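Q: Input protein-v5.cif, format and content: mmCIF, C-alpha atoms and all ligand atoms.
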data_final
loop_
_atom_site.label_atom_id
_atom_site.label_comp_id
_atom_site.auth_asym_id
_atom_site.auth_seq_id
_atom_site.Cartn_x
_atom_site.Cartn_y
_atom_site.Cartn_z
CA MET A 1 -27.19 8.60 10.75
CA ARG A 2 -30.65 7.84 9.34
CA GLN A 3 -30.84 11.29 7.75
CA ILE A 4 -27.41 10.93 6.11
CA LYS A 5 -28.49 7.58 4.74
CA SER A 6 -31.54 8.90 2.88
CA GLU A 7 -29.87 12.14 1.90
CA PHE A 8 -27.27 10.32 -0.18
CA ASP A 9 -29.44 7.49 -1.47
CA ASN A 10 -29.85 9.18 -4.85
CA SER A 11 -26.09 8.80 -5.37
CA ILE A 12 -26.21 5.03 -4.88
CA PHE A 13 -26.46 3.46 -8.32
CA SER A 14 -28.01 0.21 -7.08
CA LYS A 15 -30.77 2.13 -5.25
CA GLN A 16 -32.13 3.79 -8.38
CA PRO A 17 -35.62 2.71 -9.51
CA ASN A 18 -34.57 1.27 -12.86
CA PHE A 19 -31.28 -0.19 -11.70
CA ASP A 20 -30.00 -2.76 -14.21
CA GLU A 21 -26.72 -4.23 -13.00
CA ALA A 22 -25.62 -5.63 -16.36
CA GLN A 23 -26.35 -2.38 -18.18
CA MET A 24 -24.68 -0.38 -15.44
CA ARG A 25 -21.53 -2.44 -15.84
CA LYS A 26 -21.49 -1.75 -19.59
CA ASP A 27 -21.81 1.97 -18.89
CA PHE A 28 -18.97 1.85 -16.38
CA ALA A 29 -16.71 0.05 -18.83
CA LYS A 30 -17.13 2.98 -21.23
CA ALA A 31 -16.53 5.61 -18.54
CA VAL A 32 -12.82 4.91 -18.00
CA PRO A 33 -10.37 3.43 -20.55
CA LEU A 34 -8.49 1.60 -17.82
CA GLU A 35 -5.47 -0.55 -18.72
CA THR A 36 -3.04 -0.53 -15.82
CA VAL A 37 -3.33 -0.81 -12.04
CA VAL A 38 -0.22 0.36 -10.18
CA ILE A 39 0.38 -0.60 -6.55
CA TYR A 40 2.81 1.54 -4.61
CA CYS A 41 3.68 2.94 -1.17
CA TYR A 42 1.87 5.73 0.67
CA ASP A 43 5.21 7.38 1.46
CA PRO A 44 4.85 11.03 0.24
CA ARG A 45 8.23 10.71 -1.52
CA ALA A 46 6.79 7.94 -3.69
CA VAL A 47 4.21 10.26 -5.25
CA GLY A 48 6.07 10.28 -8.60
CA ILE A 49 5.57 6.54 -9.11
CA PRO A 50 2.27 6.60 -11.05
CA SER A 51 3.64 9.19 -13.49
CA ALA A 52 6.82 7.16 -14.00
CA VAL A 53 4.79 4.00 -14.62
CA ALA A 54 2.40 5.86 -16.95
CA LYS A 55 5.38 7.05 -18.99
CA GLN A 56 6.86 3.56 -19.10
CA PHE A 57 3.59 1.96 -20.25
CA GLY A 58 2.31 4.80 -22.45
CA GLU A 59 -0.71 5.36 -20.21
CA THR A 60 -2.83 8.50 -19.82
CA TYR A 61 -2.34 9.81 -16.28
CA PRO A 62 -3.78 11.63 -14.47
CA GLY A 63 -5.95 12.41 -17.51
CA GLU A 64 -9.04 14.56 -17.27
CA ILE A 65 -12.43 14.30 -15.58
CA ILE A 66 -15.29 14.35 -18.08
CA THR A 67 -18.53 16.13 -17.14
CA ASP A 68 -22.02 15.82 -18.60
CA GLU A 69 -24.42 18.62 -19.65
CA ARG A 70 -25.43 19.15 -16.01
CA ASN A 71 -21.77 19.48 -15.04
CA ASN A 72 -21.80 16.18 -13.15
CA LYS A 73 -18.52 14.30 -13.13
CA VAL A 74 -19.29 11.13 -15.05
CA ALA A 75 -16.08 9.77 -16.58
CA SER A 76 -12.31 10.12 -16.91
CA THR A 77 -9.68 9.83 -19.64
CA THR A 78 -7.14 8.19 -17.33
CA SER A 79 -5.94 4.70 -18.23
CA LEU A 80 -4.09 4.09 -14.94
CA PHE A 81 -5.49 3.50 -11.47
CA GLU A 82 -3.47 3.68 -8.27
CA VAL A 83 -3.61 1.47 -5.20
CA VAL A 84 -1.61 3.23 -2.50
CA VAL A 85 -0.70 1.06 0.49
CA ALA A 86 2.12 0.63 3.04
CA GLY A 87 5.27 -0.52 1.25
CA GLY A 88 3.34 -1.08 -1.98
CA ARG A 89 2.71 -4.64 -0.79
CA ALA A 90 0.33 -6.45 -3.12
CA VAL A 91 -1.64 -8.20 -0.36
CA ASP A 92 -3.58 -4.97 0.20
CA ALA A 93 -4.45 -4.62 -3.49
CA LEU A 94 -5.99 -7.97 -4.42
CA ARG A 95 -9.62 -6.89 -4.03
CA SER A 96 -8.94 -3.64 -5.93
CA ILE A 97 -7.55 -5.64 -8.86
CA THR A 98 -10.72 -7.77 -8.97
CA VAL A 99 -13.02 -4.75 -8.84
CA ALA A 100 -11.00 -2.87 -11.48
CA GLN A 101 -11.31 -5.83 -13.81
CA HIS A 102 -15.03 -6.21 -13.14
CA LEU A 103 -15.90 -2.58 -13.81
CA PHE A 104 -13.39 -1.44 -16.41
CA GLY A 105 -11.16 -4.31 -17.51
CA ILE A 106 -7.39 -4.26 -17.00
CA LYS A 107 -4.33 -5.39 -18.97
CA ASN A 108 -1.45 -4.78 -16.57
CA VAL A 109 -0.78 -4.96 -12.85
CA VAL A 110 2.39 -3.10 -11.86
CA ILE A 111 3.83 -3.50 -8.36
CA VAL A 112 6.42 -0.93 -7.33
CA HIS A 113 8.60 -1.05 -4.22
CA HIS A 114 10.88 1.91 -3.54
CA THR A 115 14.31 2.70 -2.13
CA HIS A 116 14.58 3.92 1.49
CA CYS A 117 11.06 2.62 2.15
CA GLY A 118 9.79 2.62 5.72
CA ALA A 119 8.83 -1.02 5.17
CA THR A 120 12.59 -1.81 5.03
CA SER A 121 13.16 -0.17 8.43
CA PHE A 122 11.48 -2.82 10.60
CA THR A 123 11.03 -6.58 10.77
CA PRO A 124 7.90 -8.68 11.25
CA ASP A 125 9.09 -9.61 14.76
CA GLY A 126 9.84 -5.98 15.55
CA ILE A 127 6.37 -4.70 14.69
CA ILE A 128 4.64 -7.67 16.37
CA ASP A 129 6.64 -7.18 19.60
CA ALA A 130 6.06 -3.41 19.59
CA PHE A 131 2.32 -3.80 19.12
CA GLN A 132 2.18 -6.22 22.02
CA ARG A 133 4.09 -3.80 24.28
CA GLU A 134 2.52 -0.53 23.15
CA HIS A 135 -1.07 -1.57 22.43
CA GLU A 136 -1.40 -4.89 24.28
CA GLN A 137 -2.56 -6.58 21.09
CA ASP A 138 -1.24 -9.79 19.61
CA ILE A 139 -1.07 -9.27 15.83
CA SER A 140 1.20 -12.28 15.21
CA ALA A 141 -1.55 -14.19 13.40
CA LEU A 142 -3.16 -11.15 11.77
CA TYR A 143 -0.86 -10.87 8.74
CA ASP A 144 1.29 -13.31 6.81
CA ARG A 145 4.86 -12.43 7.84
CA ASN A 146 5.93 -12.38 4.19
CA ASN A 147 3.59 -9.42 3.57
CA ILE A 148 4.49 -7.17 6.50
CA ALA A 149 7.93 -5.69 5.85
CA ILE A 150 10.58 -5.63 3.10
CA SER A 151 14.05 -7.05 3.68
CA ASP A 152 15.01 -7.68 0.04
CA PHE A 153 13.48 -6.15 -3.10
CA ALA A 154 14.03 -9.22 -5.28
CA ALA A 155 12.24 -11.34 -2.67
CA SER A 156 9.43 -8.88 -1.96
CA LEU A 157 8.68 -8.31 -5.66
CA GLN A 158 8.91 -12.02 -6.44
CA HIS A 159 6.50 -12.72 -3.59
CA ASP A 160 4.05 -9.98 -4.56
CA THR A 161 3.94 -10.69 -8.31
CA LEU A 162 3.33 -14.37 -7.50
CA LEU A 163 0.66 -13.46 -4.93
CA VAL A 164 -1.20 -11.42 -7.57
CA ARG A 165 -0.77 -14.14 -10.20
CA GLN A 166 -2.06 -16.87 -7.90
CA SER A 167 -5.07 -14.91 -6.67
CA LYS A 168 -8.34 -16.25 -8.08
CA GLY A 169 -9.44 -12.62 -8.29
CA THR A 170 -6.75 -11.81 -10.86
CA PRO A 171 -7.92 -12.34 -14.45
CA ARG A 172 -5.64 -14.81 -16.23
CA HIS A 173 -4.88 -12.53 -19.18
CA VAL A 174 -3.12 -9.77 -17.24
CA ASP A 175 0.59 -9.05 -17.47
CA ILE A 176 2.22 -8.54 -14.07
CA TYR A 177 5.34 -6.49 -13.44
CA GLY A 178 7.54 -5.77 -10.43
CA TYR A 179 9.70 -2.64 -10.32
CA VAL A 180 12.02 -0.90 -7.90
CA TYR A 181 11.65 2.91 -7.87
CA ASP A 182 14.61 5.03 -6.85
CA ILE A 183 13.26 7.82 -4.64
CA ASP A 184 16.25 10.07 -5.39
CA THR A 185 16.53 9.69 -9.18
CA SER A 186 12.83 8.87 -9.90
CA GLU A 187 13.98 5.94 -12.04
CA LEU A 188 12.16 2.62 -12.38
CA THR A 189 14.13 -0.62 -12.60
CA LEU A 190 12.35 -3.72 -13.85
CA ALA A 191 12.81 -6.70 -11.52
CA ILE A 192 10.06 -9.15 -12.58
CA GLU A 193 8.06 -9.56 -15.75
CA ASP A 194 5.26 -12.15 -15.93
CA LYS A 195 3.59 -11.65 -19.30
CA ARG A 196 0.56 -13.54 -20.56
CA SER A 197 -0.41 -11.27 -23.43
CA ALA A 198 2.35 -12.35 -25.85
ZN ZN A 201 7.54 3.15 1.36
#
Written as structure tokens, how would this file's structure read?
A:
Amino acid sequence: MRQIKSEFDNSIFSKQPNFDEAQMRKDFAKAVPLETVVIYCYDPRAVGIPSAVAKQFGETYPGEIITDERNNKVASTTSLFEVVVAGGRAVDALRSITVAQHLFGIKNVVIVHHTHCGATSFTPDGIIDAFQREHEQDISALYDRNNIAISDFAASLQHDTLLVRQSKGTPRHVDIYGYVYDIDTSELTLAIEDKRSA
């Protein structure tokens, strides 16, 4: 463990001799022209979501990795970042939104829930009971029940767009959108639009 630690120290920005956090942040901001963070489900069938959102918002995705003269990967042309989590529930993306803003700046947060999602196949009670039986663990107080499963897309997207809006880690200027993605047709349907930029 100790050997691994020192071996990779030269890849830790904050460990470099002349580390200047403010300057580093300026350099990062120039490295990726980020505009949109999209939150969606880790279901393999949902893999088309970032492309569909990029098309909808005119974003560059996946873009290209930019290398320097030593062939090190130092930047990217993408303007869309993905946060891939169970059900595309926003609760798991709040910290990523804050970090994306801090390093690159963002304009849009897009939350996408999809048809035939596994998160619609169980209930909060069902998963809590099963965990108790199968793993002898009480997870009833671990997660807010409103964030665990999906029983209604209007409700889940309303909840998640509001959760992102009310988070202190969300910059006030961002526009927040909630979409349903049809797994079979690859179409996005807008459900919620909370714009601040107009
Ligand atoms: Zn899903």
Q: Quick one: everything within 10 Å of stretch 121-126 of chain A, counting all atoms listed in the file, minus sequence neighbours fewer than 6 positions away in the same chain. Send it as an NGL selection string.
A: :A and (140 or 143-151)
Q: Can I get the residues close to ligand ZN 201 (chain A) as a list of chain:residue names, where close means within 8 Å and we count all atoms listed in the file?
A: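 Final answer, ordered by chain and number: A:Tyr40, A:Cys41, A:Tyr42, A:Asp43, A:Ala46, A:Ala86, A:Gly87, A:Gly88, A:His113, A:His114, A:Thr115, A:His116, A:Cys117, A:Gly118, A:Ala119, A:Thr120.
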Q: Take the residues that were just selected and, keeping C-alpha atoms, output them as a PDB file, in the coordinates of the input.
A:
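Result saved to again.pdb:
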ATOM      1  CA  TYR A  40       2.810   1.540  -4.610  1.00  0.00           C
ATOM      2  CA  CYS A  41       3.680   2.940  -1.170  1.00  0.00           C
ATOM      3  CA  TYR A  42       1.870   5.730   0.670  1.00  0.00           C
ATOM      4  CA  ASP A  43       5.210   7.380   1.460  1.00  0.00           C
ATOM      5  CA  ALA A  46       6.790   7.940  -3.690  1.00  0.00           C
ATOM      6  CA  ALA A  86       2.120   0.630   3.040  1.00  0.00           C
ATOM      7  CA  GLY A  87       5.270  -0.520   1.250  1.00  0.00           C
ATOM      8  CA  GLY A  88       3.340  -1.080  -1.980  1.00  0.00           C
ATOM      9  CA  HIS A 113       8.600  -1.050  -4.220  1.00  0.00           C
ATOM     10  CA  HIS A 114      10.880   1.910  -3.540  1.00  0.00           C
ATOM     11  CA  THR A 115      14.310   2.700  -2.130  1.00  0.00           C
ATOM     12  CA  HIS A 116      14.580   3.920   1.490  1.00  0.00           C
ATOM     13  CA  CYS A 117      11.060   2.620   2.150  1.00  0.00           C
ATOM     14  CA  GLY A 118       9.790   2.620   5.720  1.00  0.00           C
ATOM     15  CA  ALA A 119       8.830  -1.020   5.170  1.00  0.00           C
ATOM     16  CA  THR A 120      12.590  -1.810   5.030  1.00  0.00           C
TER      17      THR A 120
END
Q: Just give me the gap between atom CA of A:Ile139 and atom CA of A:Arg165 in Å, one decimal is fine.
A: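 Separation of atom CA of A:Ile139 and atom CA of A:Arg165: 26.5 Å.
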Q: Atom CA of A:Pro33 to atom CA of A:Gly63: how many Å, to one decimal?
A: 10.5 Å
Q: So, counting all atoms listed in the file, which residue among A:Ala52, A:Ala90, A:Val32, A:Ile12 is closest to A:Val109?
A: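 Of A:Ala52, A:Ala90, A:Val32, A:Ile12, the one nearest A:Val109, counting all atoms listed in the file, is A:Ala90.
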Q: Given the choices A:Phe28, A:Tyr177, A:Phe57, A:Phe131, which gets closest to A:Ser76 if the distance is worked out from only C-alpha atoms?
A: A:Phe28
Q: Could you list, as number ranges by chain, every residue within 12 Å of A:Asp138, counting all atoms listed in the file and ignoring same-chain residues fewer than 6 positions away?
A: A: 125, 127-132
Q: Could the centre and edge lengths of an axis-aligned box, enclosing all atoms of stretch 170-182 of chain A in the file with 4 Å extra on each side, be given in Å to one decimal as lines of an AutoDock Vina configuration file?
A:
center_x = 3.3
center_y = -4.9
center_z = -13.0
size_x = 30.5
size_y = 27.8
size_z = 20.3
